[in-house]
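File shown: entry-v4.tsv. Contents: TSV, C-alpha atoms.
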chain	number	residue	atom	x	y	z
A	960	MET	CA	200.24	99.78	61.23
A	961	LYS	CA	197.47	100.61	58.77
A	962	GLU	CA	194.37	102.65	59.53
A	963	ILE	CA	192.14	99.58	59.17
A	964	ASP	CA	194.29	97.64	61.67
A	965	ILE	CA	194.32	100.44	64.22
A	966	ILE	CA	190.54	100.94	63.94
A	967	GLN	CA	190.03	97.20	64.53
A	968	GLN	CA	192.31	97.38	67.59
A	969	ILE	CA	190.38	100.36	68.95
A	970	LYS	CA	187.07	98.53	68.47
A	971	LEU	CA	188.39	95.71	70.66
A	972	GLY	CA	188.83	98.23	73.47
A	973	GLU	CA	191.47	98.67	76.14
A	974	VAL	CA	193.13	95.56	77.52
A	975	SER	CA	196.21	95.12	79.66
A	976	LYS	CA	198.51	95.32	76.63
A	977	VAL	CA	196.68	98.18	74.82
A	978	GLN	CA	195.86	101.53	76.42
A	979	PHE	CA	194.24	104.64	74.95
A	980	LYS	CA	194.92	108.29	75.74
A	981	GLU	CA	193.08	111.16	74.11
A	982	ARG	CA	196.03	113.48	74.74
A	983	LEU	CA	199.16	113.44	76.92
A	984	LEU	CA	198.00	115.60	79.79
A	985	ASP	CA	200.03	114.20	82.69
A	986	ASN	CA	203.63	113.15	82.05
A	987	TYR	CA	203.80	111.32	85.38
A	988	ASP	CA	200.70	109.26	84.52
A	989	ILE	CA	202.11	108.38	81.11
A	990	GLY	CA	205.43	107.44	82.70
A	991	CYS	CA	203.57	105.03	85.01
A	992	GLU	CA	201.92	103.41	81.96
A	993	LEU	CA	205.33	102.96	80.31
A	994	VAL	CA	206.75	101.48	83.53
A	995	ALA	CA	203.86	99.03	83.76
A	996	PHE	CA	204.30	97.91	80.14
A	997	SER	CA	208.07	97.52	80.60
A	998	ASN	CA	207.66	95.45	83.77
A	999	ALA	CA	205.01	93.24	82.16
A	1000	HIS	CA	205.15	91.80	78.67
A	1001	GLY	CA	205.20	95.08	76.78
A	1002	GLY	CA	202.26	96.93	75.29
A	1003	THR	CA	200.90	99.61	73.01
A	1004	LEU	CA	199.80	103.13	73.87
A	1005	ILE	CA	197.51	104.77	71.31
A	1006	VAL	CA	197.24	108.56	71.58
A	1007	GLY	CA	194.23	110.20	69.96
A	1008	VAL	CA	191.54	107.87	71.36
A	1009	LYS	CA	189.28	108.62	74.32
A	1010	ASP	CA	190.02	105.94	76.91
A	1011	LYS	CA	186.49	105.97	78.38
A	1012	THR	CA	184.59	105.59	75.09
A	1013	GLY	CA	187.08	104.38	72.49
A	1014	SER	CA	186.06	107.19	70.17
A	1015	VAL	CA	188.79	108.60	67.95
A	1016	ASN	CA	189.82	112.23	68.43
A	1017	PRO	CA	192.65	112.59	65.89
A	1018	LEU	CA	195.72	114.70	66.51
A	1019	SER	CA	196.70	117.60	64.27
A	1020	TYR	CA	200.12	117.69	62.62
A	1021	LEU	CA	201.45	119.93	65.40
A	1022	GLU	CA	199.99	117.67	68.11
A	1023	VAL	CA	201.67	114.65	66.51
A	1024	GLN	CA	205.04	116.42	66.65
A	1025	GLU	CA	204.51	117.47	70.28
A	1026	THR	CA	203.24	114.02	71.29
A	1027	THR	CA	206.16	112.09	69.82
A	1028	SER	CA	208.64	114.48	71.40
A	1029	THR	CA	206.91	114.30	74.77
A	1030	LEU	CA	206.74	110.48	74.72
A	1031	GLY	CA	210.45	110.28	73.97
A	1032	ASN	CA	211.21	112.64	76.85
A	1033	ILE	CA	208.98	110.71	79.26
A	1034	ALA	CA	210.64	107.40	78.30
A	1035	SER	CA	214.08	108.83	79.05
A	1036	GLU	CA	213.31	111.13	82.01
A	1037	ASN	CA	210.33	109.57	83.84
A	1038	VAL	CA	211.25	105.88	83.55
A	1039	VAL	CA	214.25	104.43	85.40
A	1040	PRO	CA	216.20	102.90	83.81
A	1041	ALA	CA	215.29	104.76	80.62
A	1042	ILE	CA	213.53	102.80	77.90
A	1043	LEU	CA	213.32	103.10	74.13
A	1044	ILE	CA	209.90	103.15	72.54
A	1045	GLU	CA	208.98	102.68	68.90
A	1046	MET	CA	206.51	105.25	67.63
A	1047	GLU	CA	204.53	105.49	64.46
A	1048	THR	CA	201.96	107.90	63.13
A	1049	VAL	CA	198.82	106.38	61.64
A	1050	PRO	CA	196.68	108.65	59.44
A	1051	VAL	CA	192.94	108.52	60.12
A	1052	ASP	CA	190.02	110.69	59.03
A	1053	GLY	CA	190.59	114.18	60.37
A	1054	GLY	CA	194.22	113.79	61.46
A	1055	SER	CA	196.50	111.11	62.88
A	1056	LEU	CA	197.03	108.81	65.84
A	1057	VAL	CA	200.37	108.23	67.53
A	1058	VAL	CA	200.99	104.57	68.29
A	1059	ALA	CA	203.78	103.85	70.77
A	1060	HIS	CA	205.06	100.28	71.08
A	1061	ILE	CA	206.77	99.49	74.38
A	1062	LYS	CA	208.74	96.26	74.58
A	1063	GLU	CA	209.06	94.11	77.66
A	1064	GLY	CA	212.05	95.46	79.52
A	1065	VAL	CA	215.30	93.59	79.96
A	1066	ASN	CA	216.43	95.61	83.01
A	1067	LYS	CA	213.49	94.92	85.36
A	1068	PRO	CA	212.20	96.18	87.62
A	1069	TYR	CA	211.52	99.58	86.09
A	1070	HIS	CA	210.20	102.39	88.21
A	1071	ASP	CA	209.07	105.97	87.80
A	1072	ASN	CA	211.25	108.92	88.64
A	1073	ARG	CA	209.78	108.88	92.18
A	1074	GLY	CA	211.01	105.33	92.75
A	1075	ILE	CA	207.60	103.65	92.48
A	1076	VAL	CA	207.54	100.33	90.63
A	1077	GLY	CA	204.48	99.95	88.38

Kindly present the structure from the file in structure tokens form.
Amino acid sequence: MKEIDIIQQIKLGEVSKVQFKERLLDNYDIGCELVAFSNAHGGTLIVGVKDKTGSVNPLSYLEVQETTSTLGNIASENVVPAILIEMETVPVDGGSLVVAHIKEGVNKPYHDNRGIVG
């Protein structure tokens, strides 16, 4: 995804298939988002965007590394059955965004590691 495409997507705002997170602060909350996408028709999680305002708060190089690692761990440890997510890093002014693409699951229903279906 190119910077121009991601900025256009952000300007459209959050919808059921596109969610924003400024940072990954709560692994359980992120796991619930992944469960919901997997049980629906898939979706995209963009990290580095304030979900209340849509303003971009880019991630540093280190934050990108930590975010991609954390998302992979959440997808395998907080989602049952585990899912695979495709991630890409999109450079923007001041840093990067992490864009995670979650496909519609084939092993529905998915649930979090507490047994709650999203």

Within 6 Å of (190.7, 111.8, 70.7), in the coordinates the file gives, what residues turn up when you count all atoms listed in the file, written out as an MDAnalysis selection string?
chainID A and resid 981 1007:1009 1015:1017

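Across the structure, CA of Ile966 (chain A) and CA of Glu1047 (chain A) are spaced 14.7 Å apart.
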
Would you kindly return, as number ranges by chain, each protein, DNA or RNA residue with an atom no farther than 12 Å from any atom of Leu1018 (chain A), considering all atoms listed in the file and excluding same-chain residues fewer than 3 positions away?
A: 980-983, 1005-1009, 1015, 1021-1027, 1048-1058

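Closest approach to Val974 (chain A) among A:Val1065, A:Ala1059, A:Tyr987, A:Thr1003 is made by A:Thr1003 (distances from only C-alpha atoms).
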
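The gap separating CA of Gln978 (chain A) from CA of Gly1002 (chain A) is 8.0 Å, in Å to one decimal.
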
Kindly provide, as number ranges by chain, the polymer residues lying within 8 Å of (185.9, 100.4, 77.4), counting only C-alpha atoms and using the coordinates exactly as they appear in the file.
A: 972-973, 1010-1013

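One finds CA of Glu1063 (chain A) at 10.0 Å from CA of Leu993 (chain A).
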
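The shortest atom-to-atom distance to His1000 (chain A), with all atoms listed in the file taken into account, belongs to A:Lys976 out of A:Lys970, A:Lys976, A:His1060, A:Lys961.
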
When you look at Val1076 (chain A) with a cut-off of 8 Å (counting all atoms listed in the file), what residues show up, excluding the ones that are within fewer than 3 positions of it in the same chain? I need them as a PyMOL selection string.
chain A and resi 994-995+1068-1071

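Using only C-alpha atoms, the smallest distance between any of A:Ile1075, A:Leu984, A:Ala999, A:Gly990 and Ala1041 (chain A) comes from A:Gly990.
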